[in-house]
Each structure stands twice: as structure tokens, then as C-alpha cells.
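As C-alpha cells, the structure follows; a few thoughts come after it.
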Amino acid sequence: MISSKLKTVIKDTGKIEEQYGGFDILVLDKEKFPWSSVFELLMDSGFQIWINKKNSHIEINSKPEVG
């Protein structure tokens with residue numbers, strides 16, 4: 001399951017919340033965060049990705065592609 005894969009890859013560098021079939025990932029340590037692994041895992045699993053800034057942290061939002 002992608003949720004457990006994300007948790008294994010991200011470890012303590014971020015916080016994951018499942019939202020409406022997708023994920024909100026709050027990056028806690030942007031220097032150690034496995035950016036390319038997370039983006040590749042999400043895209044290979046058919047998710048769309050948005051990147052925002054929430055307070056002082058970067059947030060990655062994803063949802064399954066429709067269609």
C-alpha cells in the first residue's frame with residue numbers, strides 16, 4: 001500500500017495525513033527529506049501533486065488522477 005511505502009521513505013523528515021484518497025505531507029526537515037523518492041512514488045502510483053507553503057513548512061498535497 002502506498003501509505004506504508006510513503007511512511008517508510010519519509011521516516012521522521014515529514015508528517016503524512018491521508019485526505020480524500022490522497023495525502024497531505026508536511027515537510028519537517030527539507031534538507032533530509034527524500035524529495036525525488038516521494039515525487040516518483042506518488043507519480044508512479046497515479047497521483048497528481050501540488051506544492052504549497054504552510055506557515056514555515058513546505059506542504060505536498062496529492063490526490064489520485066481522475067480519468
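Order determines the names: the first chain of the C-alpha cells is A, the second B, and so forth; residues in each chain are numbered 1 upward, and ligands are numbered 1 upward as they are shown.
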
>> Using only C-alpha atoms, which protein or nucleic acid residues come within 7 Å of stretch 49-57 of chain A? Drop anything in the same chain fewer than 4 positions from it, and give the result as a ChimeraX atom specification.
In response: /A:26-28,61-63

Same residues, N, CA and C atoms, saved as a JSON list (two decimals), in the first residue's frame:
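Saved the output as selection_21.json:
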```
[["chain", "number", "residue", "atom", "x", "y", "z"],
["A", 26, "LEU", "N", 3.51, 17.11, 5.20],
["A", 26, "LEU", "CA", 4.16, 18.30, 5.73],
["A", 26, "LEU", "C", 5.65, 17.99, 5.87],
["A", 27, "VAL", "N", 6.48, 18.75, 5.19],
["A", 27, "VAL", "CA", 7.93, 18.53, 5.23],
["A", 27, "VAL", "C", 8.49, 19.18, 6.49],
["A", 28, "LEU", "N", 9.04, 18.37, 7.37],
["A", 28, "LEU", "CA", 9.59, 18.87, 8.63],
["A", 28, "LEU", "C", 11.08, 19.16, 8.54],
["A", 61, "ASN", "N", 0.65, 18.24, -1.43],
["A", 61, "ASN", "CA", -0.71, 17.70, -1.47],
["A", 61, "ASN", "C", -0.81, 16.82, -2.70],
["A", 62, "SER", "N", -1.48, 15.70, -2.55],
["A", 62, "SER", "CA", -1.64, 14.80, -3.68],
["A", 62, "SER", "C", -3.03, 14.19, -3.68],
["A", 63, "LYS", "N", -3.50, 13.82, -4.87],
["A", 63, "LYS", "CA", -4.76, 13.12, -4.99],
["A", 63, "LYS", "C", -4.66, 12.21, -6.20]]
```

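Distances here use only C-alpha atoms; by that measure, the residue among A:Thr8, A:Gly22, A:Ile16, A:Asp29 closest to A:Val66 is A:Gly22.
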
> Skipping near chain neighbours, those fewer than 5 positions away, what residues fall within 12 Å of A:Phe23 using only C-alpha atoms, listed as a list in words?
Replying inline: Ile2, Ser3, Ser4, Leu6, Lys7, Gly14, Lys15, Ile16, Glu17, Glu18, Val38, Phe39, Leu42, Phe47, Gln48, Ile49, Trp50, Ile51, Glu59, Ile60, Asn61, Ser62, Lys63 and Pro64 of chain A

> In terms of the shortest atom-to-atom distance over only C-alpha atoms, which of A:Val9, A:Leu41, A:Gly21, A:Glu31 is closest to A:Glu65?
Replying inline: A:Gly21

> Among chain A, which ones does DSSP place in alpha helix (DSSP H), written as a ChimeraX atom specification?
Replying inline: /A:2-10,35-44

From stretch 19-61 of chain A, collect each residue whose DSSP state is strand (DSSP E) and return the set as an mmCIF file with N, CA and C atoms, in the first residue's frame.
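Output below, filename result.cif:
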```cif
data_model
loop_
_atom_site.group_PDB
_atom_site.id
_atom_site.type_symbol
_atom_site.label_atom_id
_atom_site.label_comp_id
_atom_site.auth_asym_id
_atom_site.auth_seq_id
_atom_site.Cartn_x
_atom_site.Cartn_y
_atom_site.Cartn_z
ATOM 1 N N GLN A 19 -6.009 12.224 3.083
ATOM 2 C CA GLN A 19 -7.131 13.126 2.857
ATOM 3 C C GLN A 19 -7.847 12.760 1.569
ATOM 4 N N GLY A 22 -6.135 10.836 -1.018
ATOM 5 C CA GLY A 22 -4.795 11.342 -1.320
ATOM 6 C C GLY A 22 -4.020 11.570 -0.032
ATOM 7 N N PHE A 23 -2.981 12.367 -0.131
ATOM 8 C CA PHE A 23 -2.106 12.592 1.016
ATOM 9 C C PHE A 23 -1.722 14.059 1.136
ATOM 10 N N ASP A 24 -1.660 14.528 2.374
ATOM 11 C CA ASP A 24 -1.063 15.822 2.697
ATOM 12 C C ASP A 24 0.223 15.493 3.443
ATOM 13 N N ILE A 25 1.339 15.938 2.903
ATOM 14 C CA ILE A 25 2.641 15.642 3.503
ATOM 15 C C ILE A 25 3.282 16.961 3.917
ATOM 16 N N LEU A 26 3.513 17.111 5.202
ATOM 17 C CA LEU A 26 4.163 18.299 5.734
ATOM 18 C C LEU A 26 5.648 17.990 5.872
ATOM 19 N N VAL A 27 6.484 18.749 5.191
ATOM 20 C CA VAL A 27 7.932 18.526 5.225
ATOM 21 C C VAL A 27 8.491 19.182 6.488
ATOM 22 N N PHE A 47 -0.831 9.616 -8.863
ATOM 23 C CA PHE A 47 -1.282 10.774 -8.101
ATOM 24 C C PHE A 47 -0.855 12.079 -8.765
ATOM 25 N N GLN A 48 -1.723 13.093 -8.654
ATOM 26 C CA GLN A 48 -1.350 14.455 -9.030
ATOM 27 C C GLN A 48 -0.741 15.103 -7.790
ATOM 28 N N ILE A 49 0.144 16.078 -8.003
ATOM 29 C CA ILE A 49 0.890 16.675 -6.890
ATOM 30 C C ILE A 49 0.824 18.196 -6.952
ATOM 31 N N TRP A 50 0.623 18.821 -5.782
ATOM 32 C CA TRP A 50 0.698 20.274 -5.628
ATOM 33 C C TRP A 50 1.646 20.572 -4.475
ATOM 34 N N ILE A 51 2.359 21.661 -4.582
ATOM 35 C CA ILE A 51 3.296 22.058 -3.530
ATOM 36 C C ILE A 51 2.908 23.451 -3.047
ATOM 37 N N ASN A 52 2.766 23.596 -1.735
ATOM 38 C CA ASN A 52 2.384 24.870 -1.119
ATOM 39 C C ASN A 52 3.278 25.136 0.082
ATOM 40 N N LYS A 53 3.161 26.334 0.609
ATOM 41 C CA LYS A 53 3.863 26.663 1.840
ATOM 42 C C LYS A 53 2.817 26.882 2.921
ATOM 43 N N LYS A 54 2.959 26.171 4.027
ATOM 44 C CA LYS A 54 2.026 26.280 5.149
ATOM 45 C C LYS A 54 2.826 26.756 6.345
ATOM 46 N N HIS A 57 6.567 25.770 6.752
ATOM 47 C CA HIS A 57 6.865 24.447 6.198
ATOM 48 C C HIS A 57 6.330 24.300 4.781
ATOM 49 N N ILE A 58 6.997 23.477 4.009
ATOM 50 C CA ILE A 58 6.513 23.124 2.678
ATOM 51 C C ILE A 58 5.539 21.968 2.839
ATOM 52 N N GLU A 59 4.418 22.057 2.107
ATOM 53 C CA GLU A 59 3.411 21.006 2.156
ATOM 54 C C GLU A 59 3.194 20.448 0.753
ATOM 55 N N ILE A 60 3.187 19.129 0.650
ATOM 56 C CA ILE A 60 2.918 18.442 -0.613
ATOM 57 C C ILE A 60 1.520 17.858 -0.510
ATOM 58 N N ASN A 61 0.646 18.239 -1.428
ATOM 59 C CA ASN A 61 -0.709 17.704 -1.473
ATOM 60 C C ASN A 61 -0.815 16.824 -2.698
#
```

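Between atom CA of A:Ile10 and atom CA of A:Asp44 the interatomic distance comes to 16.4 Å.
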